[in-house]
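Dropping upload-v9.cif in here (mmCIF, C-alpha atoms and all ligand atoms):
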```cif
data_query
#
loop_
_atom_site.label_atom_id
_atom_site.label_comp_id
_atom_site.auth_asym_id
_atom_site.auth_seq_id
_atom_site.Cartn_x
_atom_site.Cartn_y
_atom_site.Cartn_z
CA MET A 202 141.72 121.53 98.22
CA LYS A 203 143.85 120.43 101.22
CA LYS A 204 144.55 117.16 99.40
CA VAL A 205 145.67 119.05 96.30
CA ILE A 206 148.03 121.24 98.36
CA ALA A 207 149.44 118.19 100.16
CA LEU A 208 150.00 116.46 96.82
CA LEU A 209 151.75 119.52 95.37
CA MET A 210 154.00 119.75 98.43
CA ALA A 211 154.92 116.07 98.18
CA LEU A 212 155.69 116.46 94.47
CA SER A 213 157.88 119.51 95.07
CA LEU A 214 159.89 117.51 97.63
CA VAL A 215 160.45 114.74 95.07
CA CYS A 216 161.48 117.22 92.36
CA PHE A 217 163.75 119.52 94.32
CA SER A 218 165.44 117.42 97.01
CA VAL A 219 169.21 117.01 96.49
CA PRO A 220 169.76 113.45 95.29
CA VAL A 221 172.15 111.27 97.27
CA PHE A 222 173.21 107.70 96.77
CA ALA A 223 170.34 105.48 97.97
CA GLU A 224 170.82 104.59 101.63
CA GLU A 225 168.81 101.38 101.40
CA GLN A 226 171.17 99.88 98.77
CA ALA A 227 171.73 96.25 99.89
CA GLU A 228 175.44 96.11 99.01
CA ALA A 229 177.99 98.89 99.14
CA PRO A 230 178.23 100.55 95.71
CA ARG A 231 181.33 99.79 93.64
CA ILE A 232 183.05 103.09 93.04
CA LEU A 233 185.45 104.30 90.36
CA ILE A 234 187.24 107.65 90.54
CA ALA A 235 188.33 108.58 87.00
CA TYR A 236 190.25 111.81 86.67
CA LEU A 237 192.38 113.88 84.34
CA SER A 238 195.11 116.00 85.87
CA ARG A 239 198.42 117.50 84.83
CA ALA A 240 201.67 117.99 86.69
CA GLY A 241 204.16 120.57 85.40
CA GLU A 242 203.75 124.33 85.22
CA ASN A 243 200.42 125.68 86.39
CA TYR A 244 198.78 128.89 87.51
CA ASN A 245 199.23 130.15 91.08
CA VAL A 246 201.01 127.05 92.48
CA GLY A 247 204.45 125.46 92.76
CA GLU A 248 208.02 126.61 92.34
CA THR A 249 208.67 129.27 89.73
CA ARG A 250 211.35 128.36 87.19
CA GLU A 251 213.78 130.92 85.84
CA GLY A 252 213.39 131.56 82.14
CA SER A 253 209.73 130.55 81.99
CA ALA A 254 207.53 133.02 80.11
CA SER A 255 204.87 132.48 82.82
CA ALA A 256 207.16 132.72 85.89
CA ALA A 257 205.34 135.82 87.18
CA TYR A 258 202.17 133.85 87.97
CA ALA A 259 202.89 130.13 87.46
CA GLY A 260 205.13 127.46 88.98
CA TYR A 261 205.94 123.75 88.69
CA ILE A 262 204.15 121.03 90.67
CA GLU A 263 204.95 117.32 90.86
CA LYS A 264 201.40 116.07 91.32
CA GLY A 265 198.38 117.71 89.68
CA ASN A 266 195.76 119.44 91.84
CA THR A 267 192.91 117.23 90.62
CA ALA A 268 195.08 114.13 91.13
CA ILE A 269 195.43 115.10 94.80
CA MET A 270 191.67 115.58 95.11
CA ALA A 271 191.03 112.24 93.35
CA ALA A 272 193.40 110.31 95.63
CA LEU A 273 191.64 111.67 98.71
CA ILE A 274 188.21 110.75 97.29
CA ALA A 275 189.52 107.20 96.73
CA GLU A 276 190.77 107.06 100.31
CA LEU A 277 187.53 108.42 101.78
CA THR A 278 185.15 106.27 99.70
CA GLY A 279 187.24 103.11 99.26
CA GLY A 280 186.86 103.45 95.46
CA ASP A 281 189.33 102.55 92.70
CA LEU A 282 191.42 105.24 91.00
CA PHE A 283 191.81 105.56 87.23
CA GLU A 284 193.84 108.28 85.56
CA ILE A 285 192.53 109.51 82.21
CA THR A 286 195.61 110.06 80.03
CA THR A 287 195.94 111.06 76.40
CA VAL A 288 198.05 109.37 73.72
CA THR A 289 199.68 112.74 73.06
CA PRO A 290 200.76 114.01 76.48
CA TYR A 291 200.15 117.63 77.39
CA PRO A 292 203.22 119.90 77.54
CA GLU A 293 204.88 120.81 80.82
CA ASP A 294 204.94 124.56 80.28
CA TYR A 295 201.91 126.71 80.93
CA ALA A 296 202.18 128.98 77.87
CA SER A 297 202.08 125.99 75.46
CA MET A 298 199.14 124.55 77.39
CA LEU A 299 197.11 127.72 76.92
CA ARG A 300 197.61 127.49 73.15
CA ILE A 301 196.95 123.74 72.82
CA VAL A 302 193.79 123.83 74.92
CA GLN A 303 192.44 126.70 72.81
CA GLU A 304 193.11 124.67 69.65
CA GLU A 305 191.26 121.67 71.14
CA ILE A 306 188.27 123.83 71.99
CA ASP A 307 188.22 125.51 68.56
CA THR A 308 188.18 122.13 66.80
CA ASP A 309 185.86 120.43 69.33
CA ALA A 310 188.62 117.81 69.56
CA ARG A 311 188.31 114.31 71.02
CA PRO A 312 191.90 113.59 72.10
CA GLU A 313 192.65 109.87 71.90
CA LEU A 314 192.97 108.23 75.31
CA ALA A 315 196.01 106.15 76.25
CA ALA A 316 194.20 103.64 78.50
CA GLN A 317 190.71 102.23 79.02
CA VAL A 318 188.81 101.08 82.09
CA GLU A 319 188.59 97.36 81.24
CA ASN A 320 185.89 96.51 83.79
CA MET A 321 183.55 99.51 83.60
CA ALA A 322 180.54 97.18 83.95
CA ASP A 323 181.69 96.36 87.50
CA TYR A 324 181.09 99.91 88.78
CA ASP A 325 177.88 101.52 90.04
CA VAL A 326 179.24 104.99 90.83
CA ILE A 327 181.69 106.88 88.62
CA PHE A 328 183.33 110.05 89.90
CA ILE A 329 184.66 112.09 86.96
CA GLY A 330 187.37 114.64 87.84
CA TYR A 331 189.09 117.33 85.78
CA PRO A 332 190.64 120.82 85.91
CA ILE A 333 188.89 123.83 84.36
CA TRP A 334 190.71 124.87 81.19
CA HIS A 335 189.58 128.08 79.51
CA GLY A 336 186.28 127.95 81.40
CA ARG A 337 185.51 124.37 80.32
CA MET A 338 186.32 120.77 81.09
CA PRO A 339 189.13 119.24 79.02
CA GLN A 340 187.99 117.85 75.66
CA ALA A 341 189.41 114.47 76.73
CA ILE A 342 186.58 114.21 79.26
CA TYR A 343 184.16 114.08 76.32
CA THR A 344 186.30 111.29 74.83
CA PHE A 345 186.09 109.46 78.15
CA MET A 346 182.31 109.81 78.49
CA GLU A 347 181.78 108.74 74.87
CA SER A 348 184.02 105.66 75.26
CA TYR A 349 181.67 103.67 77.50
CA ASP A 350 178.07 102.70 77.96
CA LEU A 351 177.40 104.46 81.25
CA ALA A 352 173.59 104.09 81.13
CA GLY A 353 172.08 103.46 84.56
CA LYS A 354 175.21 104.46 86.48
CA THR A 355 175.51 107.22 89.03
CA VAL A 356 177.99 109.87 87.90
CA ILE A 357 179.50 112.49 90.21
CA PRO A 358 181.62 115.33 88.78
CA PHE A 359 184.46 117.01 90.66
CA ASN A 360 187.03 119.55 89.60
CA THR A 361 189.74 121.99 90.54
CA HIS A 362 190.08 125.54 89.21
CA GLU A 363 191.72 128.88 89.99
CA GLY A 364 188.63 131.05 90.26
CA SER A 365 186.02 129.74 87.82
CA GLY A 366 184.45 127.22 90.23
CA GLN A 367 182.71 124.42 88.33
CA SER A 368 182.08 126.86 85.46
CA GLY A 369 178.85 125.18 84.31
CA THR A 370 180.60 121.86 83.65
CA GLN A 371 178.28 119.86 85.90
CA ARG A 372 175.35 120.89 83.69
CA VAL A 373 177.38 119.94 80.59
CA ILE A 374 178.01 116.46 82.04
CA LYS A 375 174.37 116.05 83.00
CA ASN A 376 173.27 116.93 79.46
CA ALA A 377 175.87 114.63 77.93
CA LEU A 378 174.73 111.67 80.07
CA PRO A 379 170.92 111.69 80.01
CA ASP A 380 170.77 107.98 80.95
CA CYS A 381 172.81 108.46 84.14
CA THR A 382 171.91 109.85 87.53
CA VAL A 383 174.27 112.81 87.89
CA LEU A 384 174.68 113.91 91.52
CA GLN A 385 175.86 117.20 93.00
CA GLY A 386 179.57 117.68 92.27
CA LEU A 387 182.29 119.59 94.09
CA ALA A 388 184.77 122.22 92.90
CA ILE A 389 187.88 123.05 94.95
CA GLN A 390 190.45 125.71 94.18
CA GLY A 391 193.61 124.03 92.84
CA LYS A 392 195.87 125.98 95.19
CA ILE A 393 193.93 124.66 98.19
CA ALA A 394 194.11 121.06 96.93
CA GLN A 395 197.85 121.50 96.32
CA GLU A 396 198.79 123.28 99.56
CA ASN A 397 196.16 122.63 102.23
CA GLU A 398 195.39 118.96 102.74
CA GLU A 399 193.44 119.51 105.94
CA ARG A 400 191.04 121.97 104.30
CA THR A 401 190.68 119.73 101.24
CA ARG A 402 189.89 116.72 103.43
CA THR A 403 187.24 118.68 105.32
CA LEU A 404 185.56 119.90 102.13
CA LEU A 405 185.60 116.38 100.68
CA THR A 406 184.36 114.73 103.87
CA ASP A 407 181.40 117.14 104.15
CA TRP A 408 180.47 116.62 100.50
CA LEU A 409 180.80 112.81 100.58
CA THR A 410 178.84 112.62 103.83
CA GLY A 411 176.03 114.55 102.13
CA LEU A 412 176.12 112.06 99.25
CA ASN A 413 176.11 109.12 101.66
CA LEU A 414 179.31 107.79 100.10
CA LEU A 415 181.82 108.09 102.90
CA LYS A 416 183.52 104.75 103.64
C1 LIG A 501 195.41 125.76 79.92
C2 LIG A 501 194.82 126.14 81.23
C3 LIG A 501 193.68 126.91 81.28
C4 LIG A 501 193.09 127.23 82.51
N1 LIG A 501 191.93 127.93 82.52
C5 LIG A 501 191.32 128.17 83.70
C6 LIG A 501 190.06 128.84 83.75
O1 LIG A 501 189.48 129.19 82.73
N2 LIG A 501 189.50 129.05 84.96
C7 LIG A 501 190.11 128.68 86.12
O2 LIG A 501 189.55 128.91 87.18
N3 LIG A 501 191.31 128.04 86.11
C8 LIG A 501 191.91 127.77 84.93
N4 LIG A 501 193.10 127.10 84.91
C9 LIG A 501 193.69 126.66 86.18
C10 LIG A 501 193.37 125.20 86.48
O3 LIG A 501 192.00 124.94 86.40
C11 LIG A 501 193.85 124.83 87.87
O4 LIG A 501 195.19 125.13 88.03
C12 LIG A 501 193.59 123.35 88.15
O5 LIG A 501 193.66 123.14 89.53
C13 LIG A 501 194.62 122.47 87.46
O6 LIG A 501 194.38 121.15 87.80
P1 LIG A 501 195.43 119.98 87.54
O7 LIG A 501 196.66 120.34 88.33
O8 LIG A 501 194.76 118.77 88.07
O9 LIG A 501 195.67 119.91 86.07
C14 LIG A 501 193.70 126.80 83.71
C15 LIG A 501 194.89 126.05 83.65
C16 LIG A 501 195.43 125.70 82.44
C17 LIG A 501 196.67 124.86 82.39
#
```

Any chance you could put this one into structure tokens?
Amino acid sequence: MKKVIALLMALSLVCFSVPVFAEEQAEAPRILIAYLSRAGENYNVGETREGSASAAYAGYIEKGNTAIMAALIAELTGGDLFEITTVTPYPEDYASMLRIVQEEIDTDARPELAAQVENMADYDVIFIGYPIWHGRMPQAIYTFMESYDLAGKTVIPFNTHEGSGQSGTQRVIKNALPDCTVLQGLAIQGKIAQENEERTRTLLTDWLTGLNLLK
């Protein structure tokens, strides 16, 4: 009986421990940080612009919140940055964005991407970053995931948001990539990424330390 209990305990440790990147890896993993992010008018950040229909709650930023998070991840891990951009750029103003994103969701769109990662085979670990739009990840992230053979790679989601957290997107990515090891992601409020670098660095450092991926 004792043996059975010991076996069950060992199995539960295997099944429920939080996966991290294997420490005993002989060479440092080659890391790519691919992200989608949008500058322009966004919720709860930036300078309000007179005449904007959304001026009461939105302002203009020069660098997207997720782009800021991605650049810090690159710095902290030593990975390469890749921006996921669409052939048809997203509009600057927030009100148009709300409408376009809803249309993309309604049609389950796969927006065409403007650039490809030419050397995807060179990477072991792919961070995938995005904002939450209408409670989801942008449809272009599906295009990105469907554009490559990612089998066998380690994938790590990250995102910014204004209250929805990761909004179930990490589960969506895990389900979409059954042949990848998908590790615990991180969600940071966009306003914090935009306005508080020290706090953002701390959150990222703690997370990356836990994943054993800090440079
Ligand atoms: C069209 C649109 C829809 C959004 N929907 C949500 C949402 O459902 N939940 C949420 O928390 N934030 C939402 N946001 C806020 C963004 O997730 C947040 O501002 C994010 O940090 C933007 O990242 P970026 O600057 O990298 O694009 C939305 C923003 C836009 C433009």

Practice task
List the neighbours of range 333-341 of chain A out to 10 Å using only C-alpha atoms; skip same-chain residues closer than 5 positions along the sequence, and give me the result as JSON, numbers by chain.
Solution key: {"A": [237, 238, 267, 285, 286, 287, 298, 299, 302, 303, 305, 306, 308, 309, 310, 311, 312, 313, 314, 346, 347, 360, 361, 362, 363, 364, 365, 366, 367, 368, 369, 370, 371, 373, 374, 388, 391]}

Fill in the blank from the handout: Of A:Gln385, A:Gln317, A:Asn266, A:Asn397, the one nearest to Gly241 in chain A when counting all atoms listed in the file is A:Asn266

Handout entry: Proximity to Lys392 in chain A - best of A:Phe359, A:Tyr236, A:Tyr244, A:Phe328, all atoms listed in the file
Key =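 Nearest candidate to Lys392 in chain A out of A:Phe359, A:Tyr236, A:Tyr244, A:Phe328: A:Tyr244.
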
Exercise for the section: Can you work out which one of A:Ala316, A:Ile234, A:Ala254, A:Ala268 has the shortest atom-to-atom distance to ligand LIG 501 (chain A), counting only C-alpha atoms and all ligand atoms? Expected result: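 For ligand LIG 501 (chain A), the nearest of the given residues is A:Ala268.
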
Problem - Spatial neighbours of range 289-296 of chain A, max dist 7 Å, all atoms listed in the file, sep filter under 4 positions, as a ChimeraX atom specification - result: /A:241-243,255,300

Problem - atom C2 of ligand LIG 501 (chain A) to CA of Ala256 in chain A, straight-line distance in Å - result: 14.7 Å

Completion exercise
Counting only C-alpha atoms and all ligand atoms, the residue among A:Ala257, A:Cys381, A:Ile342, A:Ile389 that lies closest to ligand LIG 501 (chain A) is A:Ile389

Take range 301-319 of chain A, model N, CA, C and O atoms, and hand the result over as a JSON list (two decimals), keeping the file's coordinate frame.
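Result written to rebuild-v8.json:
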```
[["chain", "number", "residue", "atom", "x", "y", "z"],
["A", 301, "ILE", "N", 197.47, 125.06, 73.24],
["A", 301, "ILE", "CA", 196.95, 123.74, 72.82],
["A", 301, "ILE", "C", 195.49, 123.55, 73.23],
["A", 301, "ILE", "O", 194.67, 123.05, 72.47],
["A", 302, "VAL", "N", 195.18, 123.98, 74.45],
["A", 302, "VAL", "CA", 193.79, 123.83, 74.92],
["A", 302, "VAL", "C", 192.85, 124.67, 74.05],
["A", 302, "VAL", "O", 191.75, 124.22, 73.68],
["A", 303, "GLN", "N", 193.28, 125.86, 73.67],
["A", 303, "GLN", "CA", 192.44, 126.70, 72.81],
["A", 303, "GLN", "C", 192.19, 126.01, 71.46],
["A", 303, "GLN", "O", 191.07, 126.01, 70.95],
["A", 304, "GLU", "N", 193.25, 125.40, 70.93],
["A", 304, "GLU", "CA", 193.11, 124.67, 69.65],
["A", 304, "GLU", "C", 192.10, 123.52, 69.80],
["A", 304, "GLU", "O", 191.27, 123.29, 68.92],
["A", 305, "GLU", "N", 192.18, 122.80, 70.93],
["A", 305, "GLU", "CA", 191.26, 121.67, 71.14],
["A", 305, "GLU", "C", 189.81, 122.15, 71.23],
["A", 305, "GLU", "O", 188.90, 121.49, 70.74],
["A", 306, "ILE", "N", 189.63, 123.28, 71.87],
["A", 306, "ILE", "CA", 188.27, 123.83, 71.99],
["A", 306, "ILE", "C", 187.77, 124.26, 70.61],
["A", 306, "ILE", "O", 186.65, 123.94, 70.21],
["A", 307, "ASP", "N", 188.62, 124.98, 69.88],
["A", 307, "ASP", "CA", 188.22, 125.51, 68.56],
["A", 307, "ASP", "C", 187.83, 124.40, 67.59],
["A", 307, "ASP", "O", 186.98, 124.60, 66.73],
["A", 308, "THR", "N", 188.46, 123.23, 67.73],
["A", 308, "THR", "CA", 188.18, 122.13, 66.80],
["A", 308, "THR", "C", 187.22, 121.10, 67.40],
["A", 308, "THR", "O", 186.98, 120.06, 66.80],
["A", 309, "ASP", "N", 186.71, 121.39, 68.61],
["A", 309, "ASP", "CA", 185.86, 120.43, 69.33],
["A", 309, "ASP", "C", 186.51, 119.04, 69.31],
["A", 309, "ASP", "O", 185.88, 118.03, 68.99],
["A", 310, "ALA", "N", 187.80, 119.02, 69.68],
["A", 310, "ALA", "CA", 188.62, 117.81, 69.56],
["A", 310, "ALA", "C", 188.15, 116.70, 70.51],
["A", 310, "ALA", "O", 187.51, 116.97, 71.52],
["A", 311, "ARG", "N", 188.49, 115.48, 70.15],
["A", 311, "ARG", "CA", 188.31, 114.31, 71.02],
["A", 311, "ARG", "C", 189.68, 113.64, 71.14],
["A", 311, "ARG", "O", 189.96, 112.66, 70.44],
["A", 312, "PRO", "N", 190.55, 114.17, 71.99],
["A", 312, "PRO", "CA", 191.90, 113.59, 72.10],
["A", 312, "PRO", "C", 191.83, 112.09, 72.41],
["A", 312, "PRO", "O", 191.04, 111.67, 73.25],
["A", 313, "GLU", "N", 192.66, 111.33, 71.71],
["A", 313, "GLU", "CA", 192.65, 109.87, 71.90],
["A", 313, "GLU", "C", 193.19, 109.53, 73.29],
["A", 313, "GLU", "O", 194.20, 110.10, 73.72],
["A", 314, "LEU", "N", 192.55, 108.59, 73.95],
["A", 314, "LEU", "CA", 192.97, 108.23, 75.31],
["A", 314, "LEU", "C", 193.98, 107.09, 75.28],
["A", 314, "LEU", "O", 193.90, 106.19, 74.43],
["A", 315, "ALA", "N", 194.91, 107.12, 76.24],
["A", 315, "ALA", "CA", 196.01, 106.15, 76.25],
["A", 315, "ALA", "C", 195.63, 104.84, 76.94],
["A", 315, "ALA", "O", 196.28, 103.82, 76.74],
["A", 316, "ALA", "N", 194.59, 104.87, 77.77],
["A", 316, "ALA", "CA", 194.20, 103.64, 78.50],
["A", 316, "ALA", "C", 192.69, 103.62, 78.69],
["A", 316, "ALA", "O", 192.04, 104.67, 78.71],
["A", 317, "GLN", "N", 192.16, 102.42, 78.83],
["A", 317, "GLN", "CA", 190.71, 102.23, 79.02],
["A", 317, "GLN", "C", 190.44, 101.59, 80.37],
["A", 317, "GLN", "O", 191.28, 100.84, 80.87],
["A", 318, "VAL", "N", 189.26, 101.84, 80.91],
["A", 318, "VAL", "CA", 188.81, 101.08, 82.09],
["A", 318, "VAL", "C", 188.27, 99.76, 81.54],
["A", 318, "VAL", "O", 187.27, 99.75, 80.81],
["A", 319, "GLU", "N", 188.96, 98.64, 81.85],
["A", 319, "GLU", "CA", 188.59, 97.36, 81.24],
["A", 319, "GLU", "C", 187.29, 96.80, 81.83],
["A", 319, "GLU", "O", 186.56, 96.07, 81.17]]
```
